[in-house]
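*Asks:* Next up, coords.txt (compact mmCIF, C-alpha atoms).
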# COMPACT_ATOMS: atom_id res chain seq x y z
CA MET A 1 -9.62 -39.80 -7.38
CA VAL A 2 -8.55 -36.28 -6.48
CA ASP A 3 -10.38 -34.95 -3.45
CA MET A 4 -11.55 -31.38 -4.02
CA ASN A 5 -11.39 -30.69 -0.30
CA ALA A 6 -7.72 -31.67 -0.33
CA LEU A 7 -7.13 -29.30 -3.24
CA SER A 8 -8.89 -26.54 -1.33
CA GLU A 9 -6.76 -27.28 1.76
CA LEU A 10 -3.51 -27.14 -0.20
CA LEU A 11 -4.54 -23.81 -1.70
CA GLN A 12 -5.32 -22.40 1.73
CA ARG A 13 -1.82 -23.41 2.88
CA GLY A 14 -0.32 -21.66 -0.13
CA LYS A 15 1.23 -24.81 -1.58
CA ALA A 16 1.37 -23.59 -5.17
CA LYS A 17 3.43 -26.44 -6.55
CA ASP A 18 1.15 -29.05 -4.99
CA VAL A 19 -1.97 -27.20 -6.11
CA LYS A 20 -0.66 -27.15 -9.66
CA GLU A 21 0.13 -30.87 -9.59
CA MET A 22 -3.17 -31.85 -8.00
CA THR A 23 -5.14 -29.68 -10.43
CA GLN A 24 -3.36 -31.37 -13.32
CA GLN A 25 -4.10 -34.76 -11.77
CA ALA A 26 -7.78 -33.84 -11.44
CA VAL A 27 -7.88 -32.80 -15.09
CA ASP A 28 -6.18 -36.04 -16.11
CA GLU A 29 -8.77 -38.01 -14.13
CA GLY A 30 -11.52 -36.34 -16.10
CA ILE A 31 -12.98 -34.23 -13.33
CA SER A 32 -14.87 -31.36 -14.89
CA VAL A 33 -13.14 -28.03 -15.03
CA GLN A 34 -16.15 -26.40 -13.41
CA THR A 35 -15.89 -28.77 -10.44
CA ILE A 36 -12.16 -28.15 -10.05
CA LEU A 37 -12.78 -24.43 -10.19
CA ASP A 38 -15.81 -24.26 -7.89
CA ASP A 39 -15.17 -27.04 -5.38
CA GLY A 40 -11.38 -26.87 -5.28
CA LEU A 41 -9.82 -23.53 -6.14
CA LEU A 42 -12.62 -21.04 -5.51
CA SER A 43 -13.77 -22.92 -2.44
CA GLY A 44 -10.27 -22.63 -0.96
CA MET A 45 -10.08 -18.95 -1.78
CA ASN A 46 -13.48 -18.37 -0.18
CA VAL A 47 -12.21 -19.83 3.08
CA ILE A 48 -9.17 -17.56 2.89
CA GLY A 49 -11.44 -14.57 2.30
CA VAL A 50 -13.54 -15.32 5.35
CA LYS A 51 -10.49 -15.90 7.56
CA PHE A 52 -8.93 -12.65 6.38
CA LYS A 53 -12.12 -10.75 7.09
CA ASN A 54 -12.20 -12.20 10.60
CA ASN A 55 -8.53 -11.30 11.21
CA GLU A 56 -7.62 -14.97 11.56
CA ILE A 57 -4.98 -14.60 8.86
CA PHE A 58 -3.12 -11.59 7.46
CA VAL A 59 -1.82 -10.18 4.18
CA PRO A 60 1.10 -12.62 3.63
CA GLU A 61 -1.16 -15.66 4.02
CA VAL A 62 -3.68 -14.22 1.55
CA LEU A 63 -0.91 -13.51 -0.93
CA ILE A 64 0.51 -17.00 -0.88
CA ALA A 65 -2.96 -18.52 -1.15
CA ALA A 66 -3.71 -16.30 -4.14
CA ARG A 67 -0.42 -17.37 -5.64
CA ALA A 68 -1.42 -21.02 -5.20
CA MET A 69 -4.77 -20.34 -6.83
CA ASN A 70 -2.97 -18.73 -9.72
CA ALA A 71 -0.89 -21.90 -10.14
CA GLY A 72 -4.06 -23.98 -10.36
CA MET A 73 -5.71 -21.50 -12.71
CA GLU A 74 -2.75 -21.76 -15.09
CA VAL A 75 -3.59 -25.44 -15.56
CA ILE A 76 -7.30 -25.01 -16.18
CA LYS A 77 -7.34 -21.68 -17.99
CA PRO A 78 -6.99 -23.19 -21.50
CA LEU A 79 -9.71 -25.69 -20.63
CA LEU A 80 -12.03 -22.97 -19.41
CA ILE A 81 -11.75 -21.35 -22.81
CA ASP A 82 -12.15 -24.71 -24.63
CA ASN A 83 -15.23 -25.49 -22.54
CA ASN A 84 -16.67 -22.05 -23.16
CA ILE A 85 -16.88 -21.38 -19.45
CA GLU A 86 -17.29 -17.67 -19.35
CA SER A 87 -15.89 -15.27 -16.85
CA ARG A 88 -18.39 -14.20 -14.23
CA GLY A 89 -17.70 -10.58 -14.98
CA VAL A 90 -14.97 -8.10 -15.83
CA VAL A 91 -13.51 -5.69 -13.31
CA VAL A 92 -11.12 -2.87 -14.08
CA ILE A 93 -9.26 -2.10 -10.88
CA GLY A 94 -6.71 0.51 -9.88
CA THR A 95 -5.45 2.86 -7.19
CA VAL A 96 -6.65 6.38 -7.94
CA LYS A 97 -4.52 9.24 -9.21
CA GLY A 98 -2.10 10.57 -6.62
CA ASP A 99 -1.91 7.35 -4.65
CA LEU A 100 0.81 4.72 -4.93
CA HIS A 101 -0.51 2.27 -2.35
CA ASP A 102 -1.30 -1.06 -3.88
CA ILE A 103 -1.29 -3.91 -1.37
CA GLY A 104 -4.99 -3.49 -0.55
CA LYS A 105 -5.87 -3.11 -4.21
CA ASN A 106 -3.84 -6.22 -5.10
CA LEU A 107 -5.61 -8.21 -2.40
CA VAL A 108 -9.00 -7.15 -3.70
CA GLY A 109 -7.94 -8.10 -7.22
CA MET A 110 -6.82 -11.52 -6.07
CA MET A 111 -10.02 -12.09 -4.14
CA MET A 112 -12.06 -11.09 -7.17
CA ARG A 113 -10.13 -13.54 -9.34
CA GLY A 114 -10.90 -16.06 -6.65
CA LYS A 115 -14.58 -15.46 -7.35
CA GLY A 116 -14.09 -16.22 -11.02
CA LEU A 117 -14.09 -12.63 -12.18
CA THR A 118 -11.72 -11.35 -14.84
CA VAL A 119 -9.62 -8.58 -13.35
CA ILE A 120 -7.77 -5.94 -15.35
CA ASP A 121 -5.28 -4.32 -12.99
CA LEU A 122 -4.28 -0.81 -14.06
CA GLY A 123 -1.81 -0.39 -11.21
CA THR A 124 -1.44 2.77 -9.15
CA ASP A 125 -1.80 6.52 -9.73
CA VAL A 126 -4.54 5.88 -12.31
CA ALA A 127 -6.29 8.87 -13.87
CA PRO A 128 -10.10 8.80 -14.34
CA GLN A 129 -9.79 8.76 -18.12
CA THR A 130 -7.55 5.68 -17.95
CA PHE A 131 -10.24 3.86 -15.98
CA ILE A 132 -12.81 4.85 -18.60
CA GLU A 133 -10.70 3.82 -21.59
CA SER A 134 -9.92 0.45 -20.04
CA ALA A 135 -13.56 -0.13 -19.06
CA ILE A 136 -14.65 0.51 -22.63
CA SER A 137 -11.97 -1.58 -24.30
CA ASN A 138 -12.43 -4.51 -21.92
CA LYS A 139 -16.25 -4.26 -21.79
CA ALA A 140 -16.01 -4.03 -18.04
CA ASP A 141 -18.92 -4.49 -15.67
CA ILE A 142 -17.19 -2.74 -12.80
CA ILE A 143 -14.58 -0.08 -12.17
CA ALA A 144 -13.05 -0.66 -8.74
CA CYS A 145 -11.12 2.25 -7.21
CA SER A 146 -8.81 2.08 -4.23
CA ALA A 147 -7.26 4.88 -2.16
CA LEU A 148 -5.34 4.87 1.09
CA LEU A 149 -5.10 8.58 1.60
CA THR A 150 -7.77 11.08 2.57
CA THR A 151 -6.10 13.41 0.14
CA THR A 152 -6.59 11.07 -2.80
CA MET A 153 -9.98 9.54 -2.05
CA LYS A 154 -11.52 12.66 -3.58
CA GLU A 155 -10.31 11.33 -6.93
CA MET A 156 -12.95 8.61 -6.66
CA GLY A 157 -15.60 11.29 -7.17
CA ASN A 158 -13.84 12.25 -10.39
CA VAL A 159 -14.00 8.64 -11.57
CA VAL A 160 -17.75 8.51 -10.87
CA LYS A 161 -18.18 11.77 -12.78
CA ALA A 162 -16.08 10.47 -15.68
CA VAL A 163 -18.26 7.36 -15.89
CA LYS A 164 -21.37 9.54 -16.07
CA ASP A 165 -19.79 11.90 -18.60
CA ALA A 166 -18.90 8.92 -20.77
CA ARG A 167 -22.51 7.70 -20.39
CA LEU A 168 -21.31 4.41 -19.04
CA ASP A 169 -23.28 4.58 -15.80
CA GLU A 170 -25.94 2.17 -17.10
CA SER A 171 -23.44 -0.54 -17.93
CA VAL A 172 -20.52 0.05 -15.57
CA LYS A 173 -20.76 0.16 -11.79
CA VAL A 174 -18.19 1.98 -9.67
CA MET A 175 -16.96 0.31 -6.50
CA ILE A 176 -14.76 2.08 -3.97
CA GLY A 177 -12.66 1.03 -1.01
CA GLY A 178 -9.57 1.78 1.04
CA ALA A 179 -8.72 2.70 4.61
CA PRO A 180 -10.25 6.20 4.75
CA VAL A 181 -13.30 5.38 2.60
CA THR A 182 -16.72 4.97 4.21
CA GLU A 183 -20.28 4.11 3.22
CA SER A 184 -21.30 7.74 3.65
CA PHE A 185 -18.47 8.84 1.36
CA LYS A 186 -19.78 6.39 -1.22
CA ASP A 187 -23.22 8.01 -0.95
CA MET A 188 -21.70 11.46 -1.16
CA ILE A 189 -19.88 10.82 -4.43
CA GLN A 190 -22.72 8.62 -5.72
CA ALA A 191 -20.62 5.54 -6.32
CA ASP A 192 -22.47 2.24 -6.64
CA ALA A 193 -20.83 0.19 -3.93
CA TYR A 194 -18.39 0.34 -1.04
CA SER A 195 -16.59 -2.39 0.79
CA SER A 196 -14.55 -2.26 3.97
CA ASP A 197 -12.45 -5.36 3.24
CA ALA A 198 -11.10 -7.41 0.36
CA ALA A 199 -13.29 -10.46 0.87
CA SER A 200 -16.52 -8.46 0.96
CA ALA A 201 -15.38 -6.47 -2.05
CA ALA A 202 -15.10 -9.63 -4.11
CA GLU A 203 -18.54 -10.81 -2.99
CA ILE A 204 -20.13 -7.45 -3.77
CA ALA A 205 -18.41 -7.35 -7.17
CA LEU A 206 -19.85 -10.75 -8.02
CA GLN A 207 -23.33 -9.60 -7.03
CA LEU A 208 -22.97 -6.42 -9.06
CA CYS A 209 -21.88 -8.39 -12.12
CA ARG A 210 -24.95 -10.58 -11.79
CA LYS A 211 -27.13 -7.47 -11.70
CA VAL A 212 -25.35 -5.83 -14.60
CA SER A 213 -25.48 -8.85 -16.91
CA MET B 214 17.63 29.59 8.99
CA GLY B 215 19.98 26.86 10.11
CA GLU B 216 22.81 24.57 9.13
CA LYS B 217 23.44 23.05 5.75
CA CYS B 218 22.02 19.68 4.79
CA VAL B 219 23.58 16.55 6.23
CA ILE B 220 23.45 13.25 4.36
CA LEU B 221 23.65 9.99 6.30
CA LYS B 222 24.47 6.70 4.65
CA PRO B 223 24.22 3.88 7.17
CA ASP B 224 25.43 0.37 6.41
CA PHE B 225 22.67 -2.01 5.48
CA ALA B 226 22.62 -5.74 5.99
CA ALA B 227 19.16 -7.10 5.32
CA SER B 228 17.92 -9.72 7.75
CA LEU B 229 17.24 -12.99 5.97
CA GLU B 230 15.42 -14.37 8.98
CA ARG B 231 12.92 -11.47 9.07
CA TYR B 232 12.53 -11.57 5.30
CA LYS B 233 11.68 -15.25 5.36
CA ARG B 234 9.18 -14.73 8.13
CA SER B 235 7.54 -11.79 6.38
CA ILE B 236 7.03 -13.53 3.05
CA ARG B 237 6.06 -16.94 4.53
CA PHE B 238 9.11 -18.43 2.87
CA ASP B 239 8.30 -21.96 4.05
CA CYS B 240 5.22 -22.03 1.79
CA LEU B 241 7.16 -21.07 -1.31
CA ASP B 242 8.68 -24.47 -2.00
CA ASP B 243 8.65 -23.90 -5.75
CA ALA B 244 9.98 -20.34 -5.59
CA GLN B 245 12.39 -20.33 -2.69
CA SER B 246 15.46 -19.96 -4.87
CA GLU B 247 13.89 -17.01 -6.69
CA ALA B 248 12.93 -15.35 -3.41
CA LEU B 249 16.46 -15.88 -2.10
CA GLN B 250 18.00 -14.50 -5.28
CA LEU B 251 15.90 -11.36 -5.02
CA PHE B 252 16.90 -11.00 -1.38
CA GLU B 253 20.57 -11.25 -2.34
CA ASP B 254 20.29 -8.84 -5.28
CA ALA B 255 18.18 -6.23 -3.51
CA GLY B 256 19.98 -6.60 -0.19
CA ARG B 257 23.32 -6.01 -1.92
CA ALA B 258 22.03 -3.09 -3.98
CA LEU B 259 20.00 -1.06 -1.50
CA GLU B 260 21.73 1.82 0.25
CA PRO B 261 19.51 3.51 2.83
CA LYS B 262 20.03 7.25 3.04
CA VAL B 263 18.84 10.21 5.03
CA MET B 264 18.98 13.88 4.23
CA LEU B 265 18.34 16.30 7.07
CA ARG B 266 18.69 19.92 7.92
CA GLU B 267 18.48 21.72 11.21
CA CYS B 268 16.06 24.64 10.85
CA PHE B 269 14.61 27.24 13.19
CA ILE B 270 10.99 28.34 13.24
CA ASP B 271 10.83 32.08 12.61
CA SER B 272 7.23 32.51 13.73
CA HIS B 273 4.13 30.68 14.84
CA THR B 274 0.85 31.93 13.43
CA LEU B 275 -2.67 31.01 12.31
CA ILE B 276 -3.61 30.87 8.63
CA ASP B 277 -7.29 30.23 7.88
CA SER B 278 -7.62 29.14 11.51
CA LEU B 279 -4.96 26.49 11.03
CA PRO B 280 -1.81 26.42 13.16
CA SER B 281 1.10 27.44 10.97
CA VAL B 282 4.84 27.95 11.19
CA VAL B 283 7.17 30.03 9.09
CA VAL B 284 10.61 28.61 8.37
CA GLY B 285 12.74 30.90 6.26
CA SER B 286 10.64 31.81 3.23
CA HIS B 287 8.37 28.81 3.63
CA THR B 288 5.07 28.54 5.47
CA PHE B 289 3.61 25.28 6.70
CA SER B 290 -0.02 24.89 7.83
CA GLY B 291 -2.01 22.03 9.29
CA LYS B 292 -3.93 20.98 12.37
CA ALA B 293 -1.03 18.90 13.66
CA LEU B 294 1.39 21.83 13.57
CA LYS B 295 -0.14 23.06 16.80
CA MET B 296 2.28 20.61 18.35
CA LEU B 297 5.08 22.98 17.33
CA ASP B 298 3.70 25.83 19.48
CA GLU B 299 6.51 25.47 21.98
CA VAL B 300 9.12 24.25 19.51
CA ASN B 301 11.74 26.50 17.97
CA ARG B 302 14.05 24.01 16.34
CA ILE B 303 13.04 21.34 13.84
CA PHE B 304 14.96 18.85 11.77
CA VAL B 305 13.59 18.63 8.26
CA TYR B 306 14.28 15.20 6.83
CA VAL B 307 13.77 12.76 4.01
CA ALA B 308 14.74 9.14 4.65
CA THR B 309 14.71 6.46 1.99
CA CYS B 310 15.36 2.80 1.38
CA GLY B 311 17.49 3.92 -1.60
CA ASP B 312 16.65 4.02 -5.30
CA GLU B 313 19.03 1.25 -6.35
CA THR B 314 16.28 -1.28 -7.05
CA GLU B 315 13.92 1.03 -8.91
CA HIS B 316 15.15 -0.29 -12.25
CA PHE B 317 14.60 -3.96 -11.29
CA ASP B 318 12.37 -5.54 -13.92
CA LEU B 319 10.12 -8.02 -12.17
CA SER B 320 7.68 -8.50 -15.03
CA ASP B 321 8.81 -12.09 -15.65
CA SER B 322 9.25 -12.88 -11.97
CA ASP B 323 6.98 -14.64 -9.53
CA MET B 324 3.69 -12.77 -9.04
CA LEU B 325 4.70 -12.04 -5.44
CA ALA B 326 8.17 -10.70 -6.30
CA PRO B 327 7.09 -7.02 -6.04
CA TYR B 328 5.82 -7.76 -2.55
CA TRP B 329 9.07 -9.51 -1.61
CA LEU B 330 11.02 -6.51 -2.85
CA ASP B 331 8.87 -4.16 -0.78
CA VAL B 332 9.66 -6.24 2.30
CA ILE B 333 13.41 -5.78 1.73
CA LYS B 334 12.98 -2.08 0.98
CA ARG B 335 11.05 -1.67 4.21
CA GLN B 336 13.99 -3.14 6.10
CA SER B 337 16.26 -0.64 4.42
CA LEU B 338 14.00 2.28 5.32
CA THR B 339 13.93 1.09 8.93
CA VAL B 340 17.73 1.26 9.00
CA ALA B 341 17.62 4.79 7.56
CA MET B 342 15.17 5.96 10.22
CA ARG B 343 17.21 4.32 12.98
CA GLU B 344 20.30 6.16 11.74
CA LEU B 345 18.43 9.46 11.77
CA ARG B 346 17.30 8.96 15.37
CA SER B 347 20.79 7.91 16.37
CA TYR B 348 22.26 11.03 14.73
CA LEU B 349 19.86 13.30 16.60
CA ARG B 350 20.70 11.52 19.85
CA THR B 351 24.47 11.70 19.48
CA HIS B 352 24.73 15.18 17.93
CA TYR B 353 21.85 17.00 19.62
CA MET B 354 21.10 14.84 22.66
CA ILE B 355 17.51 14.38 21.54
CA ASN B 356 16.64 11.00 22.91
CA SER B 357 13.00 10.67 21.87
CA PRO B 358 12.44 12.79 18.80
CA ARG B 359 8.84 13.25 17.66
CA SER B 360 7.95 13.29 13.99
CA LEU B 361 5.31 14.99 11.87
CA ASN B 362 4.82 13.82 8.31
CA PRO B 363 2.89 15.67 5.57
CA GLY B 364 0.13 13.56 4.06
CA SER B 365 -0.07 11.25 7.01
CA GLY B 366 -3.59 10.66 8.33
CA ASN B 367 -6.63 12.80 7.59
CA VAL B 368 -6.40 15.51 4.97
CA ASP B 369 -6.43 18.48 7.36
CA ILE B 370 -3.75 17.14 9.69
CA TRP B 371 -0.90 18.21 7.47
CA PRO B 372 -1.75 18.18 3.74
CA VAL B 373 0.47 16.18 1.44
CA ASP B 374 1.09 19.15 -0.88
CA GLN B 375 3.27 20.61 1.87
CA GLN B 376 5.86 18.14 0.70
CA LYS B 377 6.90 20.79 -1.82
CA PRO B 378 8.10 23.44 0.65
CA LEU B 379 9.56 20.69 2.80
CA PHE B 380 11.64 19.44 -0.13
CA ASP B 381 12.53 23.05 -0.96
CA LEU B 382 14.03 23.46 2.49
CA LEU B 383 16.38 20.61 1.63
CA GLY B 384 17.11 21.95 -1.83
CA GLY B 385 15.38 18.84 -3.20
CA ALA B 386 16.20 15.27 -2.26
CA GLY B 387 17.60 14.13 -5.61
CA ARG B 388 21.01 13.69 -4.00
CA ILE B 389 19.60 10.72 -2.10
CA GLY B 390 17.51 9.55 -5.05
CA VAL B 391 14.11 10.69 -3.79
CA ARG B 392 11.71 12.54 -6.06
CA LEU B 393 8.22 13.92 -5.75
CA ASN B 394 5.71 13.12 -8.45
CA ASP B 395 2.89 15.44 -9.57
CA SER B 396 0.74 14.18 -6.73
CA CYS B 397 3.46 14.95 -4.15
CA LEU B 398 4.13 11.26 -3.59
CA MET B 399 7.68 10.06 -3.17
CA THR B 400 9.65 7.57 -5.19
CA PRO B 401 11.13 5.22 -4.07
CA ASN B 402 7.87 4.27 -2.38
CA LYS B 403 9.65 3.28 0.84
CA SER B 404 10.62 6.84 1.76
CA LEU B 405 9.56 9.07 4.63
CA SER B 406 9.65 12.82 4.98
CA GLY B 407 8.81 15.21 7.78
CA PHE B 408 9.92 17.30 10.70
CA MET B 409 11.60 15.83 13.74
CA PHE B 410 11.73 17.76 16.96
CA SER B 411 12.04 17.46 20.69
CA LEU B 412 8.92 17.96 22.76
CA PRO B 413 8.60 18.43 26.50
CA ARG B 414 5.44 16.31 26.50
CA SER B 415 6.91 12.88 26.02
CA ASP B 416 3.77 10.85 25.32
CA TRP B 417 2.59 12.77 22.24
CA GLU B 418 2.27 10.99 18.90
CA SER B 419 0.89 12.44 15.65
CA CYS B 420 -1.62 9.56 15.47
CA ALA B 421 -3.62 11.35 18.16
CA TYR B 422 -4.93 13.64 15.40
CA CYS B 423 -6.01 10.91 13.02
CA GLU B 424 -9.38 9.19 13.27
CA ARG B 425 -8.60 6.44 10.81
CA GLU B 426 -9.68 3.20 12.41
CA ASN B 427 -7.81 -0.10 12.12
CA CYS B 428 -4.55 1.54 11.10
CA PRO B 429 -1.72 -0.98 11.51
CA ASP B 430 0.71 1.79 12.42
CA ARG B 431 -1.42 3.40 15.13
CA ARG B 432 0.68 4.17 18.21
CA VAL B 433 -1.83 6.07 20.35
CA LYS B 434 -5.59 6.52 20.36
CA PHE B 435 -7.37 9.27 18.44
CA GLU B 436 -7.98 12.28 20.70
CA LYS B 437 -11.20 14.04 19.73
CA THR B 438 -10.32 17.16 21.66
CA LEU B 439 -7.19 18.00 19.67
Could you rewrite the structure in this file as structure tokens?
*Replies:*
Amino acid sequence: MVDMNALSELLQRGKAKDVKEMTQQAVDEGISVQTILDDGLLSGMNVIGVKFKNNEIFVPEVLIAARAMNAGMEVIKPLLIDNNIESRGVVVIGTVKGDLHDIGKNLVGMMMRGKGLTVIDLGTDVAPQTFIESAISNKADIIACSALLTTTMKEMGNVVKAVKDARLDESVKVMIGGAPVTESFKDMIQADAYSSDAASAAEIALQLCRKVS
Amino acid sequence: MGEKCVILKPDFAASLERYKRSIRFDCLDDAQSEALQLFEDAGRALEPKVMLRECFIDSHTLIDSLPSVVVGSHTFSGKALKMLDEVNRIFVYVATCGDETEHFDLSDSDMLAPYWLDVIKRQSLTVAMRELRSYLRTHYMINSPRSLNPGSGNVDIWPVDQQKPLFDLLGGAGRIGVRLNDSCLMTPNKSLSGFMFSLPRSDWESCAYCERENCPDRRVKFEKTL
């Protein structure tokens, strides 16, 4: 019988090939997809998130763990659909217009996927209207904006305004983050949430999705 | 205003050992060959380059209370430019990893391939910057050049839109494959631009102006009094 702790451990060590094989083995043994997801894959990613937040591990370790989770998800994704296990929420994420930095944004996206959220990654240099169009077409619960530069963080205010102008502010929450962004900046531009690190961002996104739905 | 532009093209041999360490190669048992192939392809293709020009500051002034310098027909303003108060000669530069991998299509590659490529490009940019410092040392006997970069740190330090006059001073940087987009960001992404200069005060770093906490590139503490 596949041990979910062992699966979680392998994921934390970034062993994508082994995670894929063990996930397949768990499926073959009849372990429920929800158990594999919650107790194996997401559990491992949660540990990674906490370690990253505490500076016990760094970007490369998070990336290879996320890659391993992706390998496991590939196995169970068709089963999640078959079993009608819904996504826990939809997040449209991107780096704001004028900013090409994406490592932080990618990490947040991976952490959010690790929480069972569906993440639509729009990439970098994303205009407010692009966020809006994607949020509408994907029925998003959250728009998550990233910026690394003080010069570009102002764009986040434009995204908040665009959400209000499109009358989406009841159904779509705007999250912001990035090196120069602060809680007070979030208040100033009237965004819904701010996070200082990738792990917290994923947790906050999950909470917001619960509130929205 | 100064000499014509100089273009430097240092040799580049990417370090496999550093690459492997950076991407945690040992964990990639199912993708090691792909990671190695990308290293070979990108390492062979990338050609780090630097474009620089020796310029002289015509005047130091204040514009809207901000320290400013006039170089030829161009004016630069920003809090950090106070550091140029006692400087008359600057070296305007753009350094890049090279644009030879910009057309690489990684859409069908491993999800971490873009990150691997960035690691190799960063190595290339490091070589370009080393060549620039070496050039200034051997040709101008500037042993510890200081650098100011538009867009680096807080918005008022030296605004990113001052990339435009900086690029104008070089007549554009297309000859080394670097372009500015509408937001004044550079492509290739692993490119650096700025002024280099010699400063009597040897311990100064531009980070002293920036209050961004937890910056991985911080070299000195933020100085509130500046």
*Asks:* As a list in words, please: the residues near A:Ile136 (cut-off 10 Å, only C-alpha atoms, same-chain neighbours under 6 positions excluded).
*Replies:*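 Using only C-alpha atoms, the neighbours found are Val92, Thr130, Ala166, Leu168 and Val172 of chain A.
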*Asks:* Would you mind telling me which residue in A:Cys209, A:Val27, A:Val159, A:Leu100 lies nearest to B:Leu398 when using only C-alpha atoms?
*Replies:*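 Under the stated criterion, the closest residue is A:Leu100.
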*Asks:* For chain A against chain B, with a cut-off of 12 Å and counting all atoms listed in the file, what is the closest atom pair and its distance in Å to one decimal for every residue that makes the cut, ordered by chain and number, as a tab-separated table?
*Replies:*
residue	atom	partner	partner_atom	distance
A:Leu10	CA	B:Cys240	CA	10.3
A:Leu11	CA	B:Cys240	CA	10.5
A:Gln12	CA	B:Cys240	CA	10.5
A:Arg13	CA	B:Cys240	CA	7.3
A:Gly14	CA	B:Cys240	CA	5.9
A:Lys15	CA	B:Cys240	CA	5.9
A:Ala16	CA	B:Asp243	CA	7.3
A:Lys17	CA	B:Asp243	CA	5.9
A:Asp18	CA	B:Asp243	CA	9.1
A:Val19	CA	B:Asp243	CA	11.1
A:Lys20	CA	B:Asp243	CA	10.6
A:Glu21	CA	B:Asp243	CA	11.7
A:Asn55	CA	B:Asn427	CA	11.3
A:Phe58	CA	B:Ser235	CA	10.7
A:Val59	CA	B:Ile236	CA	9.5
A:Pro60	CA	B:Ile236	CA	6.0
A:Glu61	CA	B:Arg237	CA	7.4
A:Val62	CA	B:Arg237	CA	10.5
A:Leu63	CA	B:Leu325	CA	7.3
A:Ile64	CA	B:Cys240	CA	7.4
A:Ala65	CA	B:Cys240	CA	9.4
A:Ala66	CA	B:Leu325	CA	9.5
A:Arg67	CA	B:Met324	CA	7.0
A:Ala68	CA	B:Leu241	CA	9.4
A:Met69	CA	B:Met324	CA	11.6
A:Asn70	CA	B:Met324	CA	9.0
A:Ala71	CA	B:Met324	CA	10.3
A:Val96	CA	B:Ser396	CA	10.8
A:Lys97	CA	B:Ser396	CA	7.6
A:Gly98	CA	B:Ser396	CA	4.6
A:Asp99	CA	B:Leu398	CA	7.3
A:Leu100	CA	B:Leu398	CA	7.5
A:His101	CA	B:Asn402	CA	8.6
A:Asp102	CA	B:Tyr328	CA	9.9
A:Ile103	CA	B:Tyr328	CA	8.2
A:Gly104	CA	B:Tyr328	CA	11.8
A:Asn106	CA	B:Tyr328	CA	10.1
A:Leu107	CA	B:Leu325	CA	11.4
A:Met110	CA	B:Met324	CA	11.0
A:Thr124	CA	B:Leu398	CA	11.6
A:Asp125	CA	B:Ser396	CA	8.6
A:Val126	CA	B:Ser396	CA	11.3
A:Ala127	CA	B:Ser396	CA	11.3
A:Leu148	CA	B:Gly366	CA	9.4
A:Leu149	CA	B:Gly366	CA	7.2
A:Thr150	CA	B:Val368	CA	5.2
A:Thr151	CA	B:Val368	CA	5.3
A:Thr152	CA	B:Ser396	CA	8.9
A:Met153	CA	B:Val368	CA	9.9
A:Lys154	CA	B:Val368	CA	10.4
A:Glu155	CA	B:Ser396	CA	11.4
A:Gly178	CA	B:Arg425	CA	10.9
A:Ala179	CA	B:Arg425	CA	7.2
A:Pro180	CA	B:Arg425	CA	6.3
A:Val181	CA	B:Arg425	CA	9.5
A:Thr182	CA	B:Arg425	CA	10.6
A:Ser196	CA	B:Asn427	CA	10.8
A:Asp197	CA	B:Asn427	CA	11.3
*Asks:* Nearest residue to A:Ile48 out of A:Gly94, A:Gly177, A:Gly157, A:Gly114, using only C-alpha atoms?
*Replies:*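 Among the listed residues, A:Gly114 lies closest to A:Ile48.
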*Asks:* Distance atom CA of A:Ser146-atom CA of A:Thr95, one decimal place?
*Replies:* 4.5 Å
*Asks:* Give me, please, the distance in Å between atom CA of A:Asn138 and atom CA of B:Pro327, quoted to one decimal.
*Replies:*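 Computing it gives 25.3 Å between the two atoms.
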*Asks:* Because some atoms of stretch 67-75 of chain A are absent here, can you restore N, CA and C atoms and send them as a PDB file, in the coordinates of the input?
*Replies:*
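Okay, this is what ended up in result.pdb:
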ATOM      1  N   ARG A  67      -1.465 -16.865  -4.746  1.00  0.00           N
ATOM      2  CA  ARG A  67      -0.420 -17.370  -5.640  1.00  0.00           C
ATOM      3  C   ARG A  67      -0.688 -18.847  -5.982  1.00  0.00           C
ATOM      4  N   ALA A  68      -1.121 -19.592  -4.978  1.00  0.00           N
ATOM      5  CA  ALA A  68      -1.420 -21.020  -5.200  1.00  0.00           C
ATOM      6  C   ALA A  68      -2.627 -21.155  -6.134  1.00  0.00           C
ATOM      7  N   MET A  69      -3.614 -20.275  -5.947  1.00  0.00           N
ATOM      8  CA  MET A  69      -4.770 -20.340  -6.830  1.00  0.00           C
ATOM      9  C   MET A  69      -4.362 -20.051  -8.270  1.00  0.00           C
ATOM     10  N   ASN A  70      -3.468 -19.083  -8.411  1.00  0.00           N
ATOM     11  CA  ASN A  70      -2.970 -18.730  -9.720  1.00  0.00           C
ATOM     12  C   ASN A  70      -2.300 -19.938 -10.399  1.00  0.00           C
ATOM     13  N   ALA A  71      -1.568 -20.716  -9.596  1.00  0.00           N
ATOM     14  CA  ALA A  71      -0.890 -21.900 -10.140  1.00  0.00           C
ATOM     15  C   ALA A  71      -1.916 -22.906 -10.652  1.00  0.00           C
ATOM     16  N   GLY A  72      -3.001 -23.076  -9.912  1.00  0.00           N
ATOM     17  CA  GLY A  72      -4.060 -23.980 -10.360  1.00  0.00           C
ATOM     18  C   GLY A  72      -4.779 -23.440 -11.578  1.00  0.00           C
ATOM     19  N   MET A  73      -5.000 -22.127 -11.587  1.00  0.00           N
ATOM     20  CA  MET A  73      -5.710 -21.500 -12.710  1.00  0.00           C
ATOM     21  C   MET A  73      -4.920 -21.650 -14.014  1.00  0.00           C
ATOM     22  N   GLU A  74      -3.590 -21.612 -13.895  1.00  0.00           N
ATOM     23  CA  GLU A  74      -2.750 -21.760 -15.090  1.00  0.00           C
ATOM     24  C   GLU A  74      -3.049 -23.081 -15.796  1.00  0.00           C
ATOM     25  N   VAL A  75      -3.311 -24.115 -14.995  1.00  0.00           N
ATOM     26  CA  VAL A  75      -3.590 -25.440 -15.560  1.00  0.00           C
ATOM     27  C   VAL A  75      -4.940 -25.452 -16.262  1.00  0.00           C
TER      28      VAL A  75
END
